[in-house]
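Structure first, commentary second.
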Amino acid sequence: MSKKPRTVFRALDGILLFDKPLGLSSNQALQQVRHLFRAEKAGHTGSLDPLATGLLPLCFGEATKIAGLLLGSSKAYETTAVLGVTTDTDDADGVPLLERLVPELDDAAIEAALAPLRGPIRQRAPIYSALKQGGEPLYAKARRGEAIEAPERDVVVHALELIERDGPRLRLKVECGSGTYVRSLVRDLGETLGCGAHVASLRRLWVAPFTQPRMFTLDELQALAGQGEGALDACLLPIEAGLAAFPRVELDSEAARRLGYGQSVSCDAGEDGLVAVFSDAGHCLGLGQRQDGHRLLPQRLFRWATQSGPIEHREKAEQTSDRSS
């Protein structure tokens, strides 16, 4: 039997708004897509459970430098909660722990249970989660049957709404800040209602700043791969699309050169904090830190920040900037 040809990777920069399919872990999805694109360097922006589908931004090349910023962004989900059954993972992939009678509930009772779960709240993570204790993920400890005290942390739930009811199944819309577990929200909702609950399905709708994303499925990407790498590369957003939420600072060529060599430069006055830095020709150079209102320090610059910028990067930015959302 002939061996599968070894992938020859290439330098590639950009962001793909991937529609993760059911059943794959985020890393499994990343590796499949990475091999399709033959990208030398790739990373994702926060895990989705195998049960979950939807938006998983994938960063290639220099875009991996801003993956952490996307990880900390606000997100939106649609989930189906099943009342009456709790599981060890707080979702349908887990082992049922307890089954209870679902009481007669009207919309007012459900709204009363949802209300305390909105806004800044204290949330206990699921024991089957990627959070680490002692350098090891909680799920690894849970699989060994170890007793686990899952940590609590402060999170923000911007919106939590009932969309539809069908017997014991509740369809909910969630908008939340970084670090929020939808499984924990559903678990806590079930306990407030007195019957328990678990997540039956979960779909991520958007991740800021991609609030109206054009997502690509694995099937779509595999079909495009048959048309050549140009068809695949056209799916990528330029790196600067991931920096749309940051104030923009433009530098002339001399200031851009000095910043690229690690020096601070003067910039337009504004609030202190992270800013997206561009050359006066419109090329994104990376992130800077504005201090004292008008001083700019290099924070996280892309490899071309001390150069004029690779032709292929400039062309891709011009071709795809209108697709950022």
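Here's how to read the names in the structure tokens: chain A, B, ... by the order shown, residue numbers from 1 in each chain, ligand numbers from 1 in the order shown.
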
Extract, using only C-alpha atoms, all DNA, RNA and protein residues at most 12 Å from Ala276 in chain A, discarding same-chain residues fewer than 3 positions from it, and format them as a count of residues only.
32

What parts of range 141-265 of chain A does DSSP call strand (DSSP E or B)? I'd like the answer as a short mmCIF file (atom, residue, chain, number, x, y, z; two decimals) with N, CA, C and O atoms, in the first residue's frame.
data_model
loop_
_atom_site.label_atom_id
_atom_site.label_comp_id
_atom_site.auth_asym_id
_atom_site.auth_seq_id
_atom_site.Cartn_x
_atom_site.Cartn_y
_atom_site.Cartn_z
N GLU A 152 -13.96 28.56 40.57
CA GLU A 152 -14.93 29.59 40.21
C GLU A 152 -14.18 30.80 39.69
O GLU A 152 -13.03 31.07 40.06
N ARG A 153 -14.84 31.54 38.80
CA ARG A 153 -14.22 32.77 38.30
C ARG A 153 -15.30 33.74 37.88
O ARG A 153 -16.46 33.36 37.67
N ASP A 154 -14.91 35.00 37.77
CA ASP A 154 -15.83 36.05 37.39
C ASP A 154 -15.93 36.11 35.87
O ASP A 154 -14.91 36.16 35.16
N VAL A 155 -17.15 36.09 35.35
CA VAL A 155 -17.40 36.20 33.92
C VAL A 155 -18.53 37.21 33.71
O VAL A 155 -19.20 37.63 34.66
N VAL A 156 -18.75 37.57 32.46
CA VAL A 156 -19.82 38.51 32.12
C VAL A 156 -20.70 37.90 31.05
O VAL A 156 -20.21 37.48 30.00
N VAL A 157 -22.01 37.86 31.33
CA VAL A 157 -22.99 37.39 30.36
C VAL A 157 -23.78 38.61 29.89
O VAL A 157 -24.57 39.18 30.64
N HIS A 158 -23.54 39.01 28.65
CA HIS A 158 -24.17 40.23 28.13
C HIS A 158 -25.64 40.01 27.81
O HIS A 158 -26.46 40.92 27.96
N ALA A 159 -25.97 38.81 27.34
CA ALA A 159 -27.37 38.50 26.99
C ALA A 159 -27.59 37.01 27.14
O ALA A 159 -26.71 36.21 26.83
N LEU A 160 -28.77 36.66 27.64
CA LEU A 160 -29.17 35.26 27.80
C LEU A 160 -30.68 35.21 27.62
O LEU A 160 -31.43 35.66 28.49
N GLU A 161 -31.13 34.72 26.48
CA GLU A 161 -32.54 34.81 26.12
C GLU A 161 -33.10 33.46 25.69
O GLU A 161 -32.42 32.66 25.05
N LEU A 162 -34.35 33.23 26.06
CA LEU A 162 -35.08 32.06 25.60
C LEU A 162 -35.62 32.34 24.19
O LEU A 162 -36.34 33.30 23.97
N ILE A 163 -35.26 31.47 23.25
CA ILE A 163 -35.72 31.63 21.87
C ILE A 163 -36.95 30.77 21.60
O ILE A 163 -37.91 31.21 20.95
N GLU A 164 -36.93 29.54 22.12
CA GLU A 164 -38.00 28.59 21.80
C GLU A 164 -38.07 27.52 22.88
O GLU A 164 -37.06 27.15 23.47
N ARG A 165 -39.29 27.03 23.12
CA ARG A 165 -39.50 25.91 24.05
C ARG A 165 -40.16 24.76 23.31
O ARG A 165 -41.04 24.95 22.49
N ASP A 166 -39.70 23.54 23.62
CA ASP A 166 -40.30 22.34 23.06
C ASP A 166 -40.23 21.26 24.14
O ASP A 166 -39.27 20.50 24.21
N ARG A 169 -37.01 20.80 26.26
CA ARG A 169 -35.90 21.38 25.51
C ARG A 169 -36.08 22.88 25.38
O ARG A 169 -37.12 23.37 24.92
N LEU A 170 -35.05 23.62 25.77
CA LEU A 170 -35.06 25.08 25.68
C LEU A 170 -33.97 25.53 24.73
O LEU A 170 -32.80 25.16 24.90
N ARG A 171 -34.32 26.33 23.74
CA ARG A 171 -33.31 26.90 22.84
C ARG A 171 -32.98 28.30 23.33
O ARG A 171 -33.88 29.14 23.48
N LEU A 172 -31.70 28.54 23.58
CA LEU A 172 -31.25 29.78 24.20
C LEU A 172 -30.23 30.49 23.33
O LEU A 172 -29.45 29.85 22.61
N LYS A 173 -30.22 31.81 23.40
CA LYS A 173 -29.18 32.65 22.75
C LYS A 173 -28.34 33.26 23.86
O LYS A 173 -28.86 33.81 24.83
N VAL A 174 -27.01 33.15 23.71
CA VAL A 174 -26.08 33.63 24.72
C VAL A 174 -25.06 34.56 24.06
O VAL A 174 -24.49 34.22 23.03
N GLU A 175 -24.86 35.72 24.65
CA GLU A 175 -23.74 36.59 24.30
C GLU A 175 -22.94 36.82 25.57
O GLU A 175 -23.51 37.19 26.60
N CYS A 176 -21.63 36.57 25.51
CA CYS A 176 -20.86 36.56 26.75
C CYS A 176 -19.42 37.01 26.50
O CYS A 176 -18.95 37.05 25.37
N ALA A 197 -30.15 20.14 34.23
CA ALA A 197 -30.15 20.33 32.78
C ALA A 197 -28.77 20.06 32.22
O ALA A 197 -27.77 20.10 32.96
N HIS A 198 -28.71 19.78 30.93
CA HIS A 198 -27.43 19.65 30.24
C HIS A 198 -27.55 20.20 28.83
O HIS A 198 -28.67 20.36 28.31
N VAL A 199 -26.42 20.48 28.21
CA VAL A 199 -26.37 21.00 26.84
C VAL A 199 -26.50 19.85 25.85
O VAL A 199 -25.72 18.90 25.89
N ALA A 200 -27.49 19.95 24.97
CA ALA A 200 -27.67 18.94 23.92
C ALA A 200 -26.99 19.36 22.62
O ALA A 200 -26.54 18.51 21.85
N SER A 201 -26.93 20.65 22.36
CA SER A 201 -26.25 21.16 21.17
C SER A 201 -25.74 22.56 21.47
O SER A 201 -26.29 23.27 22.31
N LEU A 202 -24.67 22.93 20.76
CA LEU A 202 -24.07 24.25 20.96
C LEU A 202 -23.45 24.71 19.66
O LEU A 202 -22.71 23.97 19.01
N ARG A 203 -23.78 25.92 19.27
CA ARG A 203 -23.20 26.50 18.06
C ARG A 203 -22.71 27.90 18.36
O ARG A 203 -23.46 28.73 18.87
N ARG A 204 -21.44 28.15 18.01
CA ARG A 204 -20.90 29.50 18.16
C ARG A 204 -21.26 30.31 16.93
O ARG A 204 -20.93 29.92 15.80
N LEU A 205 -21.91 31.43 17.15
CA LEU A 205 -22.41 32.26 16.06
C LEU A 205 -21.39 33.28 15.59
O LEU A 205 -21.26 33.53 14.39
N TRP A 206 -20.72 33.91 16.54
CA TRP A 206 -19.70 34.89 16.17
C TRP A 206 -18.70 35.09 17.29
O TRP A 206 -18.94 34.73 18.44
N VAL A 207 -17.56 35.64 16.91
CA VAL A 207 -16.50 36.04 17.83
C VAL A 207 -16.08 37.43 17.41
O VAL A 207 -15.75 37.66 16.24
N PHE A 210 -15.56 39.60 14.47
CA PHE A 210 -16.23 38.98 13.32
C PHE A 210 -17.69 38.68 13.68
O PHE A 210 -18.08 37.53 13.91
N PHE A 216 -16.47 29.13 6.49
CA PHE A 216 -16.22 28.09 5.50
C PHE A 216 -16.22 26.74 6.20
O PHE A 216 -15.52 26.54 7.19
N LEU A 237 -8.91 36.08 5.38
CA LEU A 237 -8.97 37.51 5.67
C LEU A 237 -7.57 38.00 5.97
O LEU A 237 -6.73 37.25 6.49
N ARG A 248 -6.71 52.95 15.38
CA ARG A 248 -5.72 52.87 14.30
C ARG A 248 -4.75 54.06 14.38
O ARG A 248 -5.18 55.20 14.54
N VAL A 249 -3.47 53.77 14.29
CA VAL A 249 -2.43 54.79 14.26
C VAL A 249 -1.61 54.60 12.99
O VAL A 249 -1.17 53.48 12.70
N GLU A 250 -1.43 55.67 12.23
CA GLU A 250 -0.63 55.61 11.01
C GLU A 250 0.70 56.31 11.23
O GLU A 250 0.76 57.38 11.85
N LEU A 251 1.76 55.71 10.72
CA LEU A 251 3.10 56.26 10.85
C LEU A 251 3.71 56.51 9.48
O LEU A 251 3.48 55.73 8.54
N VAL A 265 8.25 56.03 19.23
CA VAL A 265 8.07 57.15 18.29
C VAL A 265 6.89 57.98 18.76
O VAL A 265 6.08 57.55 19.57
#

I'd like the neighbourhood of range 53-61 of chain A as a count of residues only, where a residue qualifies if any of its atoms comes within 10 Å (using only C-alpha atoms), though same-chain residues fewer than 5 positions away should be ignored.
60

I want to know what sits within 10 Å of Leu193 in chain A, based on only C-alpha atoms, with residues of the same chain fewer than 6 positions away left out; could you give that as a compact mmCIF listing (two decimals) with all heavy atoms, in the first residue's frame?
# COMPACT_ATOMS: atom_id res chain seq x y z
N LEU A 83 -33.83 19.83 29.93
CA LEU A 83 -34.14 19.81 31.36
C LEU A 83 -34.38 18.38 31.84
O LEU A 83 -34.81 17.52 31.08
CB LEU A 83 -35.36 20.67 31.65
CG LEU A 83 -35.31 22.14 31.21
CD1 LEU A 83 -36.63 22.83 31.55
CD2 LEU A 83 -34.14 22.86 31.86
N GLY A 84 -34.09 18.15 33.12
CA GLY A 84 -34.45 16.89 33.74
C GLY A 84 -33.33 15.88 33.90
O GLY A 84 -33.48 14.90 34.62
N VAL A 102 -39.35 17.13 35.54
CA VAL A 102 -39.37 18.54 35.12
C VAL A 102 -40.71 19.15 35.56
O VAL A 102 -41.77 18.66 35.16
CB VAL A 102 -39.21 18.67 33.60
CG1 VAL A 102 -39.26 20.14 33.19
CG2 VAL A 102 -37.90 18.03 33.15
N PRO A 103 -40.69 20.18 36.37
CA PRO A 103 -41.95 20.78 36.83
C PRO A 103 -42.66 21.52 35.71
O PRO A 103 -42.09 21.79 34.65
CB PRO A 103 -41.49 21.74 37.93
CG PRO A 103 -40.09 22.10 37.53
CD PRO A 103 -39.51 20.86 36.90
N LEU A 105 -43.59 24.52 33.87
CA LEU A 105 -42.90 25.80 33.77
C LEU A 105 -43.56 26.68 32.72
O LEU A 105 -43.88 26.21 31.62
CB LEU A 105 -41.44 25.59 33.38
CG LEU A 105 -40.56 24.80 34.35
CD1 LEU A 105 -39.22 24.47 33.70
CD2 LEU A 105 -40.34 25.58 35.64
N ALA A 109 -41.50 31.74 34.67
CA ALA A 109 -40.64 30.98 35.57
C ALA A 109 -39.25 30.80 34.97
O ALA A 109 -38.23 30.89 35.68
CB ALA A 109 -41.28 29.63 35.87
N ILE A 110 -39.20 30.58 33.67
CA ILE A 110 -37.91 30.43 33.02
C ILE A 110 -37.15 31.75 33.03
O ILE A 110 -35.94 31.80 33.30
CB ILE A 110 -38.09 29.90 31.58
CG1 ILE A 110 -38.68 28.49 31.63
CG2 ILE A 110 -36.76 29.91 30.82
CD1 ILE A 110 -39.07 27.94 30.28
N ALA A 112 -37.41 34.12 35.21
CA ALA A 112 -36.95 34.37 36.58
C ALA A 112 -35.68 33.57 36.88
O ALA A 112 -34.82 34.03 37.64
CB ALA A 112 -38.05 34.00 37.58
N ALA A 113 -35.52 32.40 36.27
CA ALA A 113 -34.32 31.60 36.47
C ALA A 113 -33.16 32.10 35.62
O ALA A 113 -31.98 31.95 36.01
CB ALA A 113 -34.61 30.13 36.14
N LEU A 114 -33.45 32.71 34.49
CA LEU A 114 -32.40 33.23 33.61
C LEU A 114 -31.81 34.53 34.15
O LEU A 114 -30.61 34.80 33.99
CB LEU A 114 -32.95 33.48 32.21
CG LEU A 114 -33.31 32.26 31.37
CD1 LEU A 114 -34.01 32.69 30.09
CD2 LEU A 114 -32.07 31.44 31.03

9 Å contact set for Ala269 in chain A, only C-alpha atoms, chain neighbours under 6 positions out, as a PyMOL selection string
chain A and resi 290+292-295

If DSSP is run on the backbone, what residues of range 3-89 of chain A are helix (DSSP H, G or I)? A reply as a PyMOL selection string would be ideal.
chain A and resi 26-37+61-71

Keeping only C-alpha atoms, take the residues you just selected and write them out as a CSV table (one decimal), in the first residue's frame.
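Saved file result-v1.csv follows:
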chain,number,residue,atom,x,y,z
A,26,SER,CA,-10.6,22.3,17.9
A,27,ASN,CA,-7.1,20.9,17.4
A,28,GLN,CA,-8.2,18.1,15.1
A,29,ALA,CA,-10.1,20.7,13.0
A,30,LEU,CA,-7.0,23.0,13.0
A,31,GLN,CA,-4.7,20.2,11.8
A,32,GLN,CA,-7.0,19.1,9.0
A,33,VAL,CA,-7.4,22.7,7.7
A,34,ARG,CA,-3.7,23.5,8.2
A,35,HIS,CA,-2.8,20.5,5.9
A,36,LEU,CA,-5.3,21.6,3.3
A,37,PHE,CA,-3.7,25.1,3.2
A,61,GLY,CA,1.6,32.6,10.0
A,62,GLU,CA,2.0,36.0,11.5
A,63,ALA,CA,-1.7,36.0,12.4
A,64,THR,CA,-0.9,33.7,15.3
A,65,LYS,CA,0.6,36.7,17.0
A,66,ILE,CA,-2.9,38.1,17.6
A,67,ALA,CA,-4.7,34.8,18.3
A,68,GLY,CA,-4.6,35.6,22.1
A,69,LEU,CA,-6.5,38.8,21.4
A,70,LEU,CA,-9.3,37.0,19.6
A,71,LEU,CA,-9.4,34.4,22.4

What separation in Å, quoted to one decimal, exists between CA of Arg122 in chain A and CA of Thr87 in chain A?
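Taking CA of Arg122 in chain A as the start and CA of Thr87 in chain A as the end point, the length is 21.1 Å.
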
So which one's closest to Arg118 in chain A, A:Gly177, A:Gly196, A:Gly72, A:Pro50? Using only C-alpha atoms, please.
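Answer, going by the shortest atom-to-atom distance: A:Gly177.
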
Could you state the separation of CA of Val85 in chain A and CA of Leu101 in chain A in Å, given to one decimal place?
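If I compute the distance from CA of Val85 in chain A to CA of Leu101 in chain A, I get 8.8 Å.
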